[in-house]
Every structure is written in C-alpha cells, then in structure tokens.
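The block underneath contains the structure these notes are about, expressed in structure tokens.
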Amino acid sequence: MSNIEKDEHSGVETTGHEWDGIKELNNPAPRWWLIVMIITIIWGIGYSVVYPSWPTLSGDGERGGTVGTMGWTQYKELEESQGEIMARRAQYLSRFETSSFEEIQADAGLYAFAIAGGASAFKDNCATCHGTGGTGAPGYPNLLDDDWLWGGTITDIHETIQFGVRADHDETRFSEMPAFADIYSAEEVADIADYALSFSAGGDFPARGKLLYDEQCALCHADNGTGDRFQGAPNLADAIWFYGGTRAELINQINRPKHGMMPNWDTRLDAETIRQLAIYVHSLGGGEAE
Amino acid sequence: MSDVAEPIKFFEKRERAYPKRVWGKYRQLKWVAMIVTLSIYYLAPFLRWDRGLHAPDQAILIDMPARRAYFFFIEIWPQEVYYLTGILVLAAVALFFVTSLAGRVWCGYTCPQTVWTDLFVWVERIVQGDRAKRMKLANGPWSVEKLWKLSVTHALWIVIGMLTGGAWVFYFNDAPTLLEQIIHFDVPWSVGGWILALTFSTYLMAGFAREQVCMYMCPYSRFQSAMFDKDTLIIGYDDVRGEPRGKHKKGDTWDGRGDCVDCTLCVQVCPVGIDIRDGLQMECIACGLCVDACNGVMDKVERPRGLIRYDTTNNQEARLAGKPESSHILRPRTFWYVSIISIVGLVMLYGLLNRSASELHVLHDRNPLYVTLSDGTIRNGYDIRILNKTHEDMVFSLTVDGLDGANLRVQAAGDPSADALLVYADSVGHFRVFVTAPKPGAARSKLIFTATSSDEMISEIYSGLFLSSRR
C-alpha cells in the first residue's frame with residue numbers, strides 16, 4: 001500500500017501484477033459502463049417490485065414466491081392468449097354446433113373452420129397410426145383413397161371415430177373373421193386365396209377355391225368379392241389390399257386373420273372436435289356423398 | 001517516478017463545430033434544398049391517388065398488414081419486391097454518377113443527415129445567437145440564461161424530431177386518418193413506438209452526433225473516393241493564389257503576398273469543423289459554405305472571387321503547370337454509370353409494363369405424393385393459388401393438359417366447378433384440387449395447369465408434375 005507504482009507512459013497506477021514485463025494498470029471502469037450498471041441495478045429493483053421474482057417458502061405467488069405489484073404471471077398471460085383464441089373460435093363454434101354436415105359443407109367459412117380444427121386434431125390424435133398425411137400403414141387404413149371398410153360418408157366416418165372399431169364401447173363397429181387354418185388344409189386355403197385374387201387379377205382359378213369361397217367367405221365378402229361395409233368386410237375385388245395383396249400375405253390372412261382395433265374417441269375428444277375430424281377425413285380425397 | 005510524461009491520447013477528443021452564419025449562392029441553394037426535401041418528406045404522404053373502391057387512395061403507401069406497396073400508378077405485392085431492389089440499384093448508381101461528376105453534393109445538400117443537422121443548427125442560432133455567442137454559452141458557467149436557452153433549443157429539437165417520426169409513420173398508414181388519431185393520442189403502440197424511436201434518433205443524430213455520423217458511421221462517405229477521379233468537382237482552396245496568407249489592412253499593397261487574409265471565416269462557417277485550406281479532407285461534405293464565406297471576404301477586400309471554389313484536381317494541376325483549365329463530363333466512369341442506369345431503368349420499365357394482372361401457382365402435395373384408388377387409377381393432390389391483382393372480382397376456369405384421361409376436381413365447400421373459381425379483387429384464391437388419371441407409364445409425368453379468366457383476357461400457365469409409383 002505504501003509504495004504505489006505508477007506507469008510511466010500513462011500515469012495510471014499499476015495493480016502490481018506483472019506478466020513478462022507487462023504490468024496491469026488499475027484503470028477505473030469506463031464511466032458509461034458504470035452508469036449502465038447503476039441503471040440496470042435500479043431497473044432490477046423496480047422489476048422485482050413490479051413482477052414476481054423472489055422465491056419464498058410459502059408465498060402468494062403462483063409457485064410460492066412474491067407476487068409483484070402488477071399481479072402478472074405467465075399462467076395469466078397464457079390464459080389470456082388462449083382466451084383470445086377461444087373467443088375467435090367461438091364465433092364459428094356456436095354456428096358449427098347447430099349446423100348439420102350438409103350445411104357445413106355448403107358454407108365456406110364453417111367448412112374451413114372444420115378443416116382447420118380437424119387437421120390439427122388429426123395430427124394430435126390420429127397421425128400416430130394413420131400417418132400425418134393420412135396414408136395409413138399396413139394394417140392401418142389409408143384414409144385418402146376411395147376404399148372404405150366401414151363407409152366413406154361423413155356420417156359413417158363420424159360414427160367410426162366416435163365409437164371406434166373393435167373398441168371397448170357398446171356401439172363400437174365389430175366383426176371377426178374366423179381363423180381358417182383350423183378348418184381347412186393348407187392346399188384348400190391356397191385355393192381360396194387364388195380365387196380371391198382372381199377377382200381383381202382375372203384369369204383361371206381352381207374350382208375348389210370358388211366352392212369353398214362361396215360356402216365360407218361370400219356371406220361377408222359377397223359373391224363377387226366386393227365386401228360388405230356393414231360388417232367391415234374388405235372389398236377383395238379392387239386394387240387396394242388392407243393387409244397386403246400378395247398370395248402369401250393373403251394366405252396368411254385367411255389362416256390367421258389380423259384384426260385391427262381403433263379406440264372410441266367419444267370419451268377422449270369433445271363432440272365438436274369429432275365432427276371436425278369427420279369432415280377433415282372426408283375432405284382428404286376419398287369422401288363419399290351421403 | 002516524479003516526472004510522468006503527458007499521457008498518450010488514444011482517441012482524439014471531438015472538437016464541436018459551431019458553424020457561423022453565412023450568406024451567398026451556395027447557402028441559398030442549401031436553403032432551397034432543405035425546403036424542397038423536407039416538404040417532400042412531410043407532405044408526400046398526403047398526396048392522393050384514385051385507385052377505385054378496393055384500394056387505398058394514398059399516392060405513396062406501404063401497407064404492411066395488407067402486404068401491398070403503392071407508389072402512384074405502381075402497385076406491388078410482396079413477391080414483387082424486386083422492384084424495390086431495382087429502385088435501390090437505380091438510386092445507388094445515380095448517386096455514383098452524381099458523385100463522379102460533382103463530388104459529394106448529395107452529402108452537402110440533400111442527405112437527410114445534412115438537412116436535419118442544418119435545421120438543428122438553425123434552431124440553435126435562432127435561440128442562442130451566432131457562433132461566438134453559442135461558444136460562449138457552451139463554455140460558460142451554468143446560469144439562468146444558459147439554462148433557459150439550452151432548454152428551449154433542446155425542446156425545439158425534440159419537437160422537430162417528433163414531427164420527423166410523425167411523418168415517417170404516415171407512409172405506412174392512411175395519413176389523414178392517422179393524423180386525426182395522433183391528435184387525439186389514440187395510436188397503436190407500433191405507431192407510437194416508431195414515432196418515439198425516430199424522435200430519439202433525429203434528436204441524437206442531428207442534435208449531437210452531427211458530422212460524426214458522416215465521419216465514423218456513414219459507409220458512403222468512406223467509399224465515395226472510389227467514384228472520384230481528377231475531373232470530379234471538389235471544394236478547392238487555390239493556394240497558388242492564396243499563399244502566403246496574412247492579415248491585410250485596407251490600403252496595403254497586395255504585391256508579394258497571397259490573397260488569403262487569414263480571416264478564418266472559411267473555418268468558422270464549416271459545419272464539419274475543418275480548415276479547407278489544408279486541402280481536400282475526408283470530412284469535407286462539399287456543401288460550399290466556405291466558398292460563400294470566402295467570396296464575401298474577397299468582395300470586401302476587392303479581390304477576385306474564387307479563392308475557394310468548386311474545382312477539379314485536373315484544373316488545380318493545370319494551373320500549377322500554367323496550362324489552360326478544361327472540364328470533361330463524358331469520361332469512361334460517367335459513361336458506365338449512365339449505361340448501368342439506362343439498362344436497369346429499361347429492365348424495370350419492361351417489367352412494370354408487362355406486369356401480369358394475375359398469377360397461377362401450383363403446389364404438389366408432399367405427403368403423400370400420390371394415392372392409388374380402388375380401380376387402380378392414381379390421384380395426386382395440389383394446392384392451387386390464383387392471384388388476382390386487379391381491383392375487380394374475377395372468375396377463372398382451371399384445366400389440366402398433357403396427361404391422357406386426367407380428370408380434375410376441386411375440393412371445397414359447396415362443391416364448386418373447376419370452370420367457375422371465384423377470386424376476389426386484390427386477393428389470392430386458394431383451392432384444393434385433386435387430379436385423377438389412369439396409372440401413367442412413368443413415375444413422373446408433366447401436367448400443365450391453365451387458369452383462364454372468364455373474359456378470356458388472362459390465361460396463366462403452370463407446368464406441374466403428376467407422380468405415380470415406379471412399378
């Protein structure tokens with residue numbers, strides 16, 4: 001302390017720290033920097049009074065801290081912005097609730113509202129199985145094409161979404177195909193598969209295949225293989241195969257049928273969202289007229 | 001230890017300029033330039049231009065919420081922002097051209113920084129008096145007089161700043177409506193924020209920073225030397241004639257001495273605080289006020305004018321060598337600048353005259369690329385956008401071509417026909433479209449979309465793709 005050394009060039013006292021002959025000077029912080037720091041301190045004090053900032057063991061704040069004189073919280077802000085969205089939705093929702101599917105389809109505003117709401121609900125709930133584009137996957141139906149297991153009108157789609165397929169609901173859509181491996185030999189099953197393939201591919205088929213098909217399969221899948229939507233029996237005569245269209249895949253399905261399951265959404269989504277979803281899925285390209 | 005040397009100065013301390021009042025040709029030109037440029041700035045938003053019912057009637061308007069920009073007969077949409085690029089290119093090259101001819105006259109007369117600084121100095125002089133009084137006031141101790149004079153000056157500066165910010169927002173809103181709102185303090189925060197920001201920046205730039213903006217902040221003043229050649233006008237002090245300088249009493253002989261009487265008026269009037277007699281300097285903005293000051297003095301001492309004047313390096317050298325002066329306007333540099341201006345101008349004019357009243361955009365679905373239908377045909381989905389840039393509703397019919405058996409369907413409320421797609425005036429029609437076709441041989445086939453207006457005046461074509469599986 002007694003021996004303050006001054007730098008001979010600048011006249012500033014040194015800190016006494018020296019590296020390779022270079023001495024650190026004890027320059028004060030720049031004035032503007034100091035002023036900015038003081039301003040931030042004052043700002044910080046003001047901020048902590050106005051906004052919730054100090055944690056306390058038990059407090060009035062949202063998470064047990066100080067409240068702040070403005071009473072501002074992130075939760076309130078979230079509620080406010082959600083409230084704005086709900087208010088904007090409300091002007092459509094009240095009309096949407098009271099309109100039939102036909103009325104909605106004829107009204108550009110309501111239709112756009114339904115598509116927008118349906119699209120976002122679809123990505124949240126349906127895309128897991130049906131894909132974000134609605135193209136499905138083996139075992140999960142493609143919602144874009146014109147082949148529907150349980151019907152492609154908005155009313156049909158709406159019912160499917162509401163109650164599900166083979167779901168835990170009294171009104172769920174339900175059907176079951178027997179496992180024919182327990183009934184028929186491998187050759188017999190192969191003959192049935194060949195006959196079923198001939199609906200779409202044409203050509204020759206084994207007579208036994210037709211015989212067995214007419215006896216066992218035609219009840220649900222129809223004589224000409226066009227299926228039955230009341231029972232969710234797939235159309236075997238078109239270009240679309242639910243569980244794969246190769247001979248091997250078909251034989252597998254006849255032997256030990258796979259059965260898809262879709263949950264009932266009436267307990268998970270509100271009624272208007274389900275209606276929006278039905279309209280959205282119907283709009284993807286394969287929707288049928290009532 | 002005892003004798004500590006004078007500390008090294010790492011930064012030069014700013015010498016504040018207190019420009020003295022001056023009369024003369026260039027000063028008058030500067031007043032005219034100030035009145036013209038400020039009038040354009042403050043009054044242009046109030047010009048009206050009739051565009052019919054569906055568009056605003058403000059001649060110059062950038063409508064941010066509606067994403068439109070209007071400039072008299074020109075109206076652009078956001079995707080046409082290249083017009084703005086063209087205008088900026090034109091402005092830049094025009095600035096280069098003027099600079100190569102006449103030096104930094106943009107800086108000296110019309111640059112907003114110069115104009116507002118000039119305006120602020122004028123306010124300063126009205127309130128505090130001329131140079132000597134202002135310097136005395138600034139350097140003197142605090143007094144009641146100093147306090148009220150500085151307060152009034154700064155208050156007036158802030159008022160001018162507010163007017164500046166206030167005028168700026170008019171270019172982005174309907175000016176008469178906004179004026180009413182501003183008068184009633186009923187403005188959106190965005191408008192208020194801009195007014196505040198520009199008030200502050202004007203106050204800071206024209207009140208305090210002044211010539212430092214030109215010296216340290218402005219890139220143009222730094223690269224302007226690239227546009228200079230020896231025929232470019234600069235402010236020049238004729239040291240052949242002026243030196244040796246010295247005080248001169250009326251009646252003394254002019255023999256054996258220069259014409260410069262060393263009155264330093266040229267230094268006192270300089271807004272950037274330099275001595276032009278030291279030669280051309282980076283700070284000089286070529287405003288010519290020193291020329292006015294020196295000419296006034298030359299008149300008084302009855303010597304010819306032009307000791308300081310607009311000059312060229314070539315002429316300075318010619319005089320030194322005893323050769324006649326000459327001027328060259330057509331030089332490679334000016335030729336190229338004019339050529340670029342002409343080319344860019346013509347390209348823009350062509351673009352403007354051929355601006356289409358509508359556009360057709362086709363976006364192919366990405367997920368999925370195609371859908372196989374039960375009868376084996378293939379369906380592709382598209383988002384179609386038809387732009388209607390006119391101010392009347394239009395009906396378009398959409399057709400596809402180039403693919404056998406292609407069938408087009410519009411997916412929308414009310415099942416509209418593809419022959420009657422309504423697109424409202426000055427807006428974008430958005431349509432969801434499905435095209436179904438028998439499975440083509442190739443994975444990618446060309447598909448031509450055509451949108452034709454009902455009067456068949458407009459037909460927009462878009463070359464799109466139809467995708468299918470490889471097998």
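Every chain in the structure tokens has a letter given in the order shown (A, B, ...), and although residue numbers restart at 1 in each chain, ligands are simply numbered from 1 in the order shown.
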
**Contact set, chain B to chain A: 12 Å, only C-alpha atoms, as number ranges by chain** = B: 1-10, 365-382, 408-416, 430-436, 439

**Message:** Which residues are near Leu137 (chain B)? Cut-off 12 Å, only C-alpha atoms, ignore same chain within fewer than 5 positions. Put them as a VMD selection string.
**Reply:** chain B and resid 18 124 to 125 127 to 132 142 to 150

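Atom pair CA of Pro112 (chain B) / CA of Ile276 (chain B) has a distance of 23.1 Å (rounded to one decimal).
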
**Asked** Got a sec: who's within 8 Å of Ala179 (chain A), counting only C-alpha atoms, leaving out chain neighbours fewer than 3 positions off, as a VMD selection string?
**Response** chain A and resid 182 to 183 254 to 257

**Message:** Can you pull out the residues contacting Tyr310 (chain B)? Cut-off 10 Å, using only C-alpha atoms, and skip same-chain residues under 4 positions away; I want them as a ChimeraX atom specification.
**Reply:** /B:102-103,232-237,286-288,291,306

**Message:** Applying 12 Å and only C-alpha atoms, which residues near Ser39 (chain B) remain after dropping the ones on its own chain fewer than 6 positions away? List them as a list in words.
**Reply:**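 The contact residues come out as Trp31, Val32, Ala33, Pro45, Phe46, Leu47, Val115, Thr164 and Ala167 of chain B.
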
**Prompt:** Between B:Glu80, B:Asp186, B:Glu75, B:Asp259, which is the closest to Asn295 (chain B) once you count only C-alpha atoms?
**Reply:**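 Closest candidate: B:Asp259.
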
**Message:** as a count of residues only, please: every residue in region 14-214 of chain A that a backbone DSSP assignment puts in helix (DSSP H, G or I).
**Reply:** 110

**Message:** Need the shell around Glu188 (chain A): protein/DNA/RNA residues with any atom at most 8 Å away, counting only C-alpha atoms. Skip same-chain ones fewer than 2 positions apart. Format as a list in words?
**Reply:** Tyr184, Ser185, Ala186, Ala190, Asp191, Ile192, Arg208, Gly209 and Leu212 of chain A

**Request:** If you run DSSP over the backbone, which residues in region 159-268 of chain A end up strand (DSSP E or B)? Put them as JSON, numbers by chain.
**Result:** {"A": [165, 173, 228, 233, 262]}

**Who sits within 8 Å of Asn224 (chain A), only C-alpha atoms, same chain under 3 positions skipped, as a PyMOL selection string** = chain A and resi 199+218+221+237
